[in-house]
>>> print(open('input26.cif').read())   # mmCIF, C-alpha atoms
data_target
#
loop_
_atom_site.label_atom_id
_atom_site.label_comp_id
_atom_site.auth_asym_id
_atom_site.auth_seq_id
_atom_site.Cartn_x
_atom_site.Cartn_y
_atom_site.Cartn_z
CA MET A 1 -5.43 -6.89 -25.56
CA ALA A 2 -5.38 -8.14 -21.97
CA LYS A 3 -8.52 -9.41 -20.26
CA LYS A 4 -10.61 -6.77 -18.53
CA LYS A 5 -10.96 -8.95 -15.42
CA TRP A 6 -7.37 -8.10 -14.47
CA GLY A 7 -8.08 -4.38 -14.39
CA GLN A 8 -5.04 -3.43 -16.46
CA HIS A 9 -4.60 -0.05 -18.11
CA PHE A 10 -1.32 -0.02 -20.00
CA LEU A 11 1.10 2.87 -20.01
CA LYS A 12 1.75 4.00 -23.59
CA SER A 13 4.19 6.91 -23.18
CA LYS A 14 7.88 5.98 -23.26
CA SER A 15 8.91 9.42 -22.02
CA PHE A 16 6.53 9.19 -19.06
CA ALA A 17 7.83 5.71 -18.26
CA GLU A 18 11.32 7.22 -18.02
CA THR A 19 9.94 9.95 -15.76
CA ILE A 20 8.64 7.25 -13.39
CA VAL A 21 12.04 5.52 -13.38
CA LYS A 22 13.67 8.84 -12.43
CA LEU A 23 11.10 9.40 -9.67
CA ALA A 24 12.00 5.96 -8.33
CA ASP A 25 15.69 6.95 -8.35
CA ILE A 26 16.78 3.84 -10.27
CA ASN A 27 20.42 3.06 -11.01
CA SER A 28 22.46 0.16 -12.41
CA ARG A 29 22.94 -1.45 -8.97
CA ASP A 30 19.21 -1.76 -8.31
CA HIS A 31 17.13 -4.93 -8.37
CA ILE A 32 13.56 -4.17 -9.41
CA LEU A 33 10.32 -6.06 -9.03
CA GLU A 34 7.70 -4.99 -11.57
CA ILE A 35 4.13 -6.23 -11.19
CA GLY A 36 1.85 -6.23 -14.23
CA PRO A 37 4.39 -5.13 -16.89
CA GLY A 38 1.78 -5.34 -19.65
CA TYR A 39 3.45 -4.61 -22.98
CA GLY A 40 6.74 -3.65 -21.34
CA ILE A 41 6.90 0.14 -21.72
CA LEU A 42 7.99 0.64 -18.10
CA THR A 43 10.16 -2.49 -18.25
CA GLN A 44 12.04 -1.04 -21.20
CA ALA A 45 12.67 2.20 -19.32
CA LEU A 46 13.97 0.29 -16.28
CA LEU A 47 16.33 -1.76 -18.44
CA LYS A 48 17.49 1.42 -20.18
CA PHE A 49 18.76 2.56 -16.77
CA ASN A 50 20.61 -0.78 -16.59
CA ALA A 51 18.64 -2.09 -13.59
CA SER A 52 17.97 -5.81 -13.07
CA VAL A 53 14.24 -6.41 -13.54
CA THR A 54 12.07 -9.30 -12.37
CA ALA A 55 8.56 -8.93 -13.78
CA ILE A 56 5.44 -10.80 -12.67
CA GLU A 57 2.64 -11.07 -15.23
CA ILE A 58 -0.60 -13.06 -14.96
CA ASP A 59 -1.75 -12.83 -18.60
CA PRO A 60 -0.24 -15.71 -20.67
CA ASP A 61 -0.64 -13.80 -23.95
CA LEU A 62 1.30 -10.85 -22.56
CA CYS A 63 3.93 -13.18 -21.13
CA GLU A 64 4.62 -14.51 -24.62
CA LYS A 65 4.94 -10.98 -26.02
CA LEU A 66 7.26 -9.95 -23.17
CA GLN A 67 9.48 -13.03 -23.63
CA ASN A 68 9.86 -12.21 -27.31
CA LYS A 69 10.47 -8.51 -26.69
CA PHE A 70 13.16 -8.97 -24.06
CA GLU A 71 14.67 -12.34 -25.00
CA LYS A 72 18.12 -10.79 -25.48
CA GLU A 73 18.08 -8.88 -22.19
CA ASN A 74 20.22 -10.73 -19.66
CA LYS A 75 19.05 -8.49 -16.80
CA PHE A 76 15.38 -9.36 -17.34
CA LYS A 77 13.48 -12.26 -15.75
CA LEU A 78 9.77 -12.96 -16.29
CA LEU A 79 7.58 -14.89 -13.86
CA LYS A 80 4.21 -16.15 -15.11
CA ASN A 81 2.22 -15.90 -11.91
CA ASP A 82 -0.62 -14.25 -10.03
CA VAL A 83 1.12 -11.97 -7.52
CA MET A 84 -1.86 -12.18 -5.16
CA LYS A 85 -1.30 -15.94 -4.82
CA ILE A 86 2.34 -15.54 -3.83
CA GLU A 87 2.82 -15.79 -0.06
CA PHE A 88 4.77 -12.79 1.25
CA ASN A 89 7.54 -15.04 2.60
CA GLU A 90 8.02 -16.52 -0.90
CA PHE A 91 9.22 -13.24 -2.45
CA ASP A 92 12.72 -14.06 -1.16
CA LYS A 93 12.88 -16.94 -3.65
CA LEU A 94 11.79 -14.77 -6.57
CA VAL A 95 13.82 -11.58 -6.26
CA LYS A 96 17.10 -10.49 -4.73
CA PHE A 97 16.58 -8.33 -1.64
CA PRO A 98 16.82 -5.49 -0.86
CA THR A 99 14.90 -4.47 -3.96
CA LYS A 100 12.68 -1.69 -5.28
CA LEU A 101 9.12 -2.18 -6.41
CA VAL A 102 8.30 -0.12 -9.50
CA ALA A 103 4.97 -0.89 -11.13
CA ASN A 104 1.83 0.26 -12.85
CA LEU A 105 -0.45 -1.76 -10.59
CA PRO A 106 -3.67 -3.22 -11.99
CA TYR A 107 -6.51 -1.20 -10.46
CA ASN A 108 -8.32 -4.17 -8.97
CA ILE A 109 -5.41 -5.39 -6.83
CA ALA A 110 -3.58 -2.18 -5.87
CA THR A 111 -4.99 -1.74 -2.36
CA ALA A 112 -4.93 -5.44 -1.50
CA LEU A 113 -1.35 -5.82 -2.77
CA LEU A 114 -0.03 -2.88 -0.72
CA LEU A 115 -1.67 -4.35 2.40
CA LYS A 116 -0.21 -7.76 1.52
CA LEU A 117 3.32 -6.29 1.33
CA LEU A 118 2.94 -4.28 4.56
CA PRO A 119 4.29 -7.02 6.90
CA VAL A 120 7.44 -7.50 4.76
CA ARG A 121 8.01 -3.88 3.75
CA ASN A 122 11.46 -3.72 5.37
CA LYS A 123 12.76 -5.98 2.62
CA TRP A 124 12.09 -3.22 0.10
CA LYS A 125 14.20 -0.11 -0.47
CA SER A 126 11.19 1.75 -1.84
CA LEU A 127 7.89 1.28 -3.64
CA THR A 128 7.03 3.54 -6.57
CA VAL A 129 3.64 2.58 -7.92
CA MET A 130 0.95 3.90 -10.23
CA VAL A 131 -2.54 3.57 -8.79
CA GLN A 132 -5.94 5.21 -9.16
CA LEU A 133 -5.75 8.78 -7.88
CA GLU A 134 -8.51 8.03 -5.39
CA VAL A 135 -6.49 5.15 -3.93
CA GLY A 136 -3.34 7.29 -3.76
CA GLU A 137 -5.21 10.11 -2.05
CA ARG A 138 -6.75 7.77 0.53
CA LEU A 139 -3.39 6.14 1.17
CA CYS A 140 -1.67 9.50 1.73
CA ALA A 141 -4.55 11.29 3.51
CA ASN A 142 -4.53 12.94 6.94
CA PRO A 143 -7.37 14.39 9.06
CA LYS A 144 -7.39 17.57 6.96
CA SER A 145 -8.21 15.48 3.87
CA GLY A 146 -11.86 14.97 4.86
CA LYS A 147 -13.60 11.82 3.64
CA LYS A 148 -10.43 10.50 1.97
CA TYR A 149 -8.91 9.91 5.42
CA GLY A 150 -9.68 6.46 6.79
CA PRO A 151 -8.35 2.97 7.59
CA LEU A 152 -6.20 2.83 4.42
CA SER A 153 -4.53 6.11 5.46
CA LEU A 154 -3.67 4.59 8.85
CA ALA A 155 -2.33 1.44 7.19
CA GLY A 156 -0.15 3.60 4.95
CA SER A 157 1.18 5.63 7.87
CA LEU A 158 1.84 2.45 9.83
CA GLY A 159 4.30 1.21 7.25
CA PHE A 160 5.54 4.05 5.09
CA GLU A 161 6.66 7.58 4.55
CA LYS A 162 4.31 8.33 1.65
CA LYS A 163 3.81 10.94 -1.00
CA ILE A 164 1.96 11.44 -4.28
CA VAL A 165 4.71 12.55 -6.64
CA LYS A 166 2.81 12.76 -9.95
CA ILE A 167 -0.78 12.88 -11.15
CA ILE A 168 -1.48 11.15 -14.48
CA THR A 169 -4.38 11.88 -16.81
CA PRO A 170 -6.23 9.03 -18.59
CA ASP A 171 -4.72 9.80 -22.01
CA TYR A 172 -1.37 8.29 -20.93
CA PHE A 173 -2.96 4.81 -20.90
CA PHE A 174 -4.77 2.35 -23.13
CA PRO A 175 -7.50 1.42 -22.73
CA SER A 176 -8.05 4.88 -21.29
CA PRO A 177 -9.43 4.71 -17.72
CA LYS A 178 -12.33 6.93 -16.68
CA VAL A 179 -10.39 8.43 -13.77
CA ASP A 180 -7.02 10.06 -13.12
CA SER A 181 -4.15 8.00 -11.77
CA CYS A 182 -1.08 8.95 -9.74
CA VAL A 183 2.43 7.84 -8.89
CA VAL A 184 2.89 7.20 -5.18
CA HIS A 185 6.37 6.93 -3.67
CA LEU A 186 6.60 4.89 -0.47
CA LEU A 187 9.60 4.51 1.84
CA PRO A 188 9.31 1.73 4.46
CA ARG A 189 9.34 2.84 8.09
CA ASN A 190 9.36 1.08 11.45
CA SER A 191 6.08 1.48 13.33
CA GLY A 192 7.44 0.32 16.68
CA LEU A 193 4.94 -2.58 16.66
CA ASN A 194 5.63 -6.22 15.87
CA ILE A 195 3.80 -8.01 13.03
CA ASP A 196 1.04 -9.41 15.25
CA GLU A 197 0.49 -6.03 16.87
CA GLU A 198 0.28 -4.38 13.44
CA LYS A 199 -2.36 -6.88 12.34
CA LEU A 200 -4.33 -6.14 15.48
CA PHE A 201 -3.92 -2.38 14.98
CA LEU A 202 -5.33 -2.60 11.45
CA LYS A 203 -8.34 -4.65 12.57
CA TRP A 204 -8.89 -2.50 15.68
CA SER A 205 -8.63 0.86 13.90
CA HIS A 206 -10.85 -0.33 11.03
CA LEU A 207 -13.53 -1.29 13.54
CA LEU A 208 -13.37 2.08 15.32
CA PHE A 209 -13.37 3.98 12.02
CA GLN A 210 -16.61 2.34 10.81
CA HIS A 211 -18.78 5.11 12.22
CA ARG A 212 -16.49 8.01 11.42
CA ARG A 213 -19.08 10.70 12.10
CA LYS A 214 -19.99 9.40 15.56
CA THR A 215 -17.79 9.99 18.58
CA LEU A 216 -14.81 7.73 19.10
CA LEU A 217 -15.99 6.96 22.64
CA ASN A 218 -19.26 5.67 21.24
CA GLY A 219 -17.34 3.16 19.12
CA ILE A 220 -15.09 2.13 22.01
CA ARG A 221 -18.10 1.67 24.29
CA LYS A 222 -19.82 -0.49 21.66
CA HIS A 223 -16.91 -2.67 20.50
CA TYR A 224 -14.67 -2.72 23.58
CA PRO A 225 -16.92 -2.24 26.65
CA GLU A 226 -14.37 -3.62 29.15
CA TRP A 227 -11.66 -1.27 27.90
CA PHE A 228 -14.10 1.63 28.09
CA GLN A 229 -15.09 0.81 31.68
CA ASN A 230 -11.51 0.23 32.85
CA CYS A 231 -10.13 3.42 31.26
CA LYS A 232 -13.27 5.56 31.21
CA GLU A 233 -11.77 8.57 32.98
CA TYR A 234 -8.65 8.65 30.79
CA LEU A 235 -10.61 8.13 27.57
CA GLN A 236 -13.15 10.82 28.36
CA GLU A 237 -10.45 13.28 29.35
CA LYS A 238 -8.41 12.69 26.18
CA TYR A 239 -11.06 11.98 23.54
CA ASP A 240 -14.39 13.38 24.73
CA LEU A 241 -16.51 14.37 21.68
CA ARG A 242 -13.65 13.56 19.27
CA ARG A 243 -14.63 11.69 16.09
CA PRO A 244 -12.38 9.00 14.55
CA GLU A 245 -11.73 11.15 11.48
CA THR A 246 -10.18 13.92 13.62
CA LEU A 247 -7.35 11.83 15.13
CA ASP A 248 -4.01 11.90 13.34
CA PHE A 249 -1.85 8.79 13.06
CA ASN A 250 0.20 9.49 16.20
CA GLU A 251 -2.99 9.93 18.22
CA TRP A 252 -4.26 6.60 16.89
CA ILE A 253 -1.00 4.91 17.90
CA ASN A 254 -1.14 6.41 21.42
CA LEU A 255 -4.74 5.24 21.78
CA PHE A 256 -3.72 1.77 20.61
CA TYR A 257 -0.98 1.62 23.25
CA ASN A 258 -3.61 2.41 25.88
CA PHE A 259 -5.81 -0.36 24.46
CA MET A 260 -2.90 -2.83 24.54
CA LYS A 261 -1.92 -1.83 28.07
CA ASN A 262 -5.47 -2.38 29.29
CA LYS A 263 -5.57 -5.73 27.50
CA GLN A 264 -2.33 -6.85 29.12
CA ASN A 265 -3.49 -5.71 32.57
CA ALA A 266 -6.72 -7.67 32.11
CA LEU A 267 -4.77 -10.80 31.15
CA GLY A 268 -2.48 -10.26 34.12
CA ASN A 269 -5.41 -10.16 36.48
#
>>> encode(input="input26.cif", output="structure tokens")
Amino acid sequence: MAKKKWGQHFLKSKSFAETIVKLADINSRDHILEIGPGYGILTQALLKFNASVTAIEIDPDLCEKLQNKFEKENKFKLLKNDVMKIEFNEFDKLVKFPTKLVANLPYNIATALLLKLLPVRNKWKSLTVMVQLEVGERLCANPKSGKKYGPLSLAGSLGFEKKIVKIITPDYFFPSPKVDSCVVHLLPRNSGLNIDEEKLFLKWSHLLFQHRRKTLLNGIRKHYPEWFQNCKEYLQEKYDLRRPETLDFNEWINLFYNFMKNKQNALGN
């Protein structure tokens, strides 16, 4: 069994693995990247649909089992690596783009990995991943979702059209997790910002979301006093008494454009 430190819960249902492949809309022309293949249940389903599969696995014991299991499959390639140590610009050397990511992501890297792939998402046709239900709900949340809506929701909206397409109970895995999981389907989208602006947006929005129950203006006044003073009338008119958790993604983007405009004007002066 794999080491607990990698947070892996292995899919054990072949029929459910095939359901995931169908949800990902896989065909024989597709190139797939699978992260954390485990014992290869999902891998087998992907190969059954005649897709080309590149799998990345960190556990050396599992790598040996996977090599033995799929040694006769000419459309299967295994990389013994830690995906979190792969620089995003190195994926080009490992897989043929454009490709689809289909994976049962280890719980302890799911959020970090999705954020890592955000800057290079346009290389991917789609991402169909199994994650903890809580992570999926936060990723796909909007202001009506209550406490689930936050910085991860904004990061998701920045880069993807996103949807939870299946909820999975613990009995589909071994060892059985203590929480439900879900399949999230992500389609890359263009935010209208460049990579540096996206990085700034994520940092900026995370800072303003820290005190979600306080007014947005209070956060702006605290963290960006010059912006608040320069645009006080506009900000009060548009966002007076609004809390960060009440703004939808488009409102956050419009506010960010105002922030950037003020920043550029200040530099110009």
>>> residues_around(input="input26.cif", residues="A:Asn74", least_positions_apart="3", cutoff="12 Å", atoms="all atoms listed in the file", output="list in words")
Leu47, Asn50, Ala51, Ser52, Val53, Thr54, Gln67, Phe70, Glu71, Lys77 and Leu78 of chain A
>>> resolve_selection(input="input26.cif", expression="the PyMOL selection byres ((chain A and resi 198-203) around 9)", output="PyMOL selection string")
chain A and resi 119+151-152+154-155+158+191+193-197+204-208+253+256
>>> write_last_selection(input="input26.cif", atoms="C-alpha atoms", output="CSV table (one decimal), in the coordinates of the input")
chain,number,residue,atom,x,y,z
A,119,PRO,CA,4.3,-7.0,6.9
A,151,PRO,CA,-8.4,3.0,7.6
A,152,LEU,CA,-6.2,2.8,4.4
A,154,LEU,CA,-3.7,4.6,8.8
A,155,ALA,CA,-2.3,1.4,7.2
A,158,LEU,CA,1.8,2.4,9.8
A,191,SER,CA,6.1,1.5,13.3
A,193,LEU,CA,4.9,-2.6,16.7
A,194,ASN,CA,5.6,-6.2,15.9
A,195,ILE,CA,3.8,-8.0,13.0
A,196,ASP,CA,1.0,-9.4,15.2
A,197,GLU,CA,0.5,-6.0,16.9
A,204,TRP,CA,-8.9,-2.5,15.7
A,205,SER,CA,-8.6,0.9,13.9
A,206,HIS,CA,-10.8,-0.3,11.0
A,207,LEU,CA,-13.5,-1.3,13.5
A,208,LEU,CA,-13.4,2.1,15.3
A,253,ILE,CA,-1.0,4.9,17.9
A,256,PHE,CA,-3.7,1.8,20.6
>>> residues_around(input="input26.cif", residues="stretch 123-140 of chain A", least_positions_apart="2", cutoff="7 Å", atoms="all atoms listed in the file", output="MDAnalysis selection string")
chainID A and resid 24 97:105 107 110 120:121 142 148:149 152:153 156 162:164 180:188
>>> closest_residue(input="input26.cif", among="A:Leu216, A:Leu241, A:Cys231, A:Ile35", to="A:Met260", atoms="only C-alpha atoms")
A:Cys231
>>> resolve_selection(input="input26.cif", expression="the PyMOL selection byres ((chain A and resi 218) around 12)", output="VMD selection string")
chain A and resid 207 to 217 219 to 225 228 232 235 to 236 239 to 244
>>> atom_distance(input="input26.cif", atom1="atom CA of A:Lys14", atom2="atom CA of A:Leu113")
25.4 Å
>>> resolve_selection(input="input26.cif", expression="the PyMOL selection byres ((chain A and resi 65) around 12)", output="compact mmCIF listing (two decimals) with C-alpha atoms, keeping the file's coordinate frame")
# COMPACT_ATOMS: atom_id res chain seq x y z
CA MET A 1 -5.43 -6.89 -25.56
CA ALA A 2 -5.38 -8.14 -21.97
CA PRO A 37 4.39 -5.13 -16.89
CA GLY A 38 1.78 -5.34 -19.65
CA TYR A 39 3.45 -4.61 -22.98
CA GLY A 40 6.74 -3.65 -21.34
CA GLU A 57 2.64 -11.07 -15.23
CA ASP A 59 -1.75 -12.83 -18.60
CA PRO A 60 -0.24 -15.71 -20.67
CA ASP A 61 -0.64 -13.80 -23.95
CA LEU A 62 1.30 -10.85 -22.56
CA CYS A 63 3.93 -13.18 -21.13
CA GLU A 64 4.62 -14.51 -24.62
CA LEU A 66 7.26 -9.95 -23.17
CA GLN A 67 9.48 -13.03 -23.63
CA ASN A 68 9.86 -12.21 -27.31
CA LYS A 69 10.47 -8.51 -26.69
CA PHE A 70 13.16 -8.97 -24.06
CA GLU A 71 14.67 -12.34 -25.00
CA LEU A 78 9.77 -12.96 -16.29
>>> residues_around(input="input26.cif", residues="A:Pro177", least_positions_apart="4", cutoff="10 Å", atoms="only C-alpha atoms", output="list of chain:residue names")
A:Gly7, A:Gln8, A:His9, A:Phe10, A:Tyr107, A:Gln132, A:Thr169, A:Pro170, A:Asp171, A:Tyr172, A:Phe173, A:Ser181
>>> atom_distance(input="input26.cif", atom1="atom CA of A:Tyr234", atom2="atom CA of A:Gly150")
24.1 Å
>>> atom_distance(input="input26.cif", atom1="atom CA of A:Leu117", atom2="atom CA of A:Gly192")
17.2 Å
>>> residues_around(input="input26.cif", residues="A:Lys22", least_positions_apart="6", cutoff="10 Å", atoms="all atoms listed in the file", output="PDB file with C-alpha atoms, in the frame of the given file")
ATOM      1  CA  PHE A  16       6.530   9.190 -19.060  1.00  0.00           C
ATOM      2  CA  ALA A  45      12.670   2.200 -19.320  1.00  0.00           C
ATOM      3  CA  LEU A  46      13.970   0.290 -16.280  1.00  0.00           C
ATOM      4  CA  PHE A  49      18.760   2.560 -16.770  1.00  0.00           C
TER       5      PHE A  49
END
>>> closest_residue(input="input26.cif", among="A:Val165, A:Phe76, A:Ser157, A:Leu114", to="A:Thr19", atoms="all atoms listed in the file")
A:Val165
>>> build_atoms(input="input26.cif", residues="stretch 221-236 of chain A", atoms="N, CA and C atoms", output="CSV table (one decimal), in the coordinates of the input")
chain,number,residue,atom,x,y,z
A,221,ARG,N,-17.1,2.2,23.4
A,221,ARG,CA,-18.1,1.7,24.3
A,221,ARG,C,-18.8,0.5,23.7
A,222,LYS,N,-19.1,0.6,22.4
A,222,LYS,CA,-19.8,-0.5,21.7
A,222,LYS,C,-19.0,-1.7,21.4
A,223,HIS,N,-17.7,-1.5,20.9
A,223,HIS,CA,-16.9,-2.7,20.5
A,223,HIS,C,-16.0,-3.2,21.6
A,224,TYR,N,-15.6,-2.3,22.5
A,224,TYR,CA,-14.7,-2.7,23.6
A,224,TYR,C,-15.2,-2.2,24.9
A,225,PRO,N,-16.3,-2.7,25.4
A,225,PRO,CA,-16.9,-2.2,26.6
A,225,PRO,C,-16.0,-2.4,27.9
A,226,GLU,N,-15.3,-3.4,28.0
A,226,GLU,CA,-14.4,-3.6,29.2
A,226,GLU,C,-13.3,-2.6,29.2
A,227,TRP,N,-12.7,-2.3,28.0
A,227,TRP,CA,-11.7,-1.3,27.9
A,227,TRP,C,-12.3,0.1,28.3
A,228,PHE,N,-13.5,0.3,27.8
A,228,PHE,CA,-14.1,1.6,28.1
A,228,PHE,C,-14.3,1.8,29.6
A,229,GLN,N,-14.8,0.7,30.2
A,229,GLN,CA,-15.1,0.8,31.7
A,229,GLN,C,-13.8,0.9,32.5
A,230,ASN,N,-12.8,0.2,32.1
A,230,ASN,CA,-11.5,0.2,32.8
A,230,ASN,C,-10.7,1.5,32.7
A,231,CYS,N,-10.9,2.2,31.5
A,231,CYS,CA,-10.1,3.4,31.3
A,231,CYS,C,-11.0,4.6,31.0
A,232,LYS,N,-12.2,4.6,31.5
A,232,LYS,CA,-13.3,5.6,31.2
A,232,LYS,C,-12.8,7.0,31.5
A,233,GLU,N,-12.2,7.2,32.6
A,233,GLU,CA,-11.8,8.6,33.0
A,233,GLU,C,-10.7,9.1,32.0
A,234,TYR,N,-9.7,8.3,31.7
A,234,TYR,CA,-8.6,8.6,30.8
A,234,TYR,C,-9.2,8.9,29.4
A,235,LEU,N,-10.1,8.0,28.9
A,235,LEU,CA,-10.6,8.1,27.6
A,235,LEU,C,-11.5,9.4,27.4
A,236,GLN,N,-12.3,9.6,28.4
A,236,GLN,CA,-13.2,10.8,28.4
A,236,GLN,C,-12.3,12.1,28.4
